[in-house]
Amino acid sequence: MSALWPGLAAVIFLCWGGILLSFPELIARFSRKVQGEFWGGQLTPERTRYLGFGFVLTGVVAAGLLLALILRG
């Protein structure tokens with residue numbers, strides 16, 4: 001397995017999770033504006049933080065996989 005894919009996944013998940021954790025109110029407000037009141041109201045700032053934490057956790061797991069692949073040689 002190439003180390004490129006876990007590395008790319010780690011970067012993408014950590015960046016997106018960081019954005020979701022940093023700006024939850026802005027993202028929830030943008031969601032209501034774009035998707036309308038019904039669908040956009042389902043993405044609250046609390047859910048945005050929860051999703052951001054999941055993305056960051058997945059990025060950490062992907063970074064751990066990358067480290068294991070690099071150390072294994």
# chains A, B, ... in the order shown; residues from 1 in each chain; ligands from 1

call {"tool": "residues_around", "arguments": {"residues": "Ala62 of chain A", "least_positions_apart": "2", "cutoff": "10 Å", "atoms": "only C-alpha atoms", "output": "number ranges by chain"}}
result
A: 5-11, 13-14, 56-60, 64-68

call {"tool": "residues_around", "arguments": {"residues": "Gly17 of chain A", "least_positions_apart": "3", "cutoff": "8 Å", "atoms": "only C-alpha atoms", "output": "PyMOL selection string"}}
result
chain A and resi 13-14+20-21+51-56

call {"tool": "write_last_selection", "arguments": {"atoms": "C-alpha atoms", "output": "short mmCIF file (atom, residue, chain, number, x, y, z; two decimals), in the first residue's frame"}}
result
data_model
loop_
_atom_site.label_atom_id
_atom_site.label_comp_id
_atom_site.auth_asym_id
_atom_site.auth_seq_id
_atom_site.Cartn_x
_atom_site.Cartn_y
_atom_site.Cartn_z
CA PHE A 13 -9.63 15.07 7.18
CA LEU A 14 -7.55 17.13 9.60
CA LEU A 20 -15.66 22.61 11.15
CA LEU A 21 -14.40 22.97 14.72
CA LEU A 51 -18.86 16.29 12.77
CA GLY A 52 -15.62 18.27 13.03
CA PHE A 53 -14.46 16.10 15.91
CA GLY A 54 -15.21 12.99 13.84
CA PHE A 55 -13.20 14.32 10.92
CA VAL A 56 -10.25 15.20 13.17
#

call {"tool": "residues_around", "arguments": {"residues": "segment 27-33 of chain A", "least_positions_apart": "2", "cutoff": "10 Å", "atoms": "only C-alpha atoms", "output": "VMD selection string"}}
result
chain A and resid 19 to 25 35 to 48
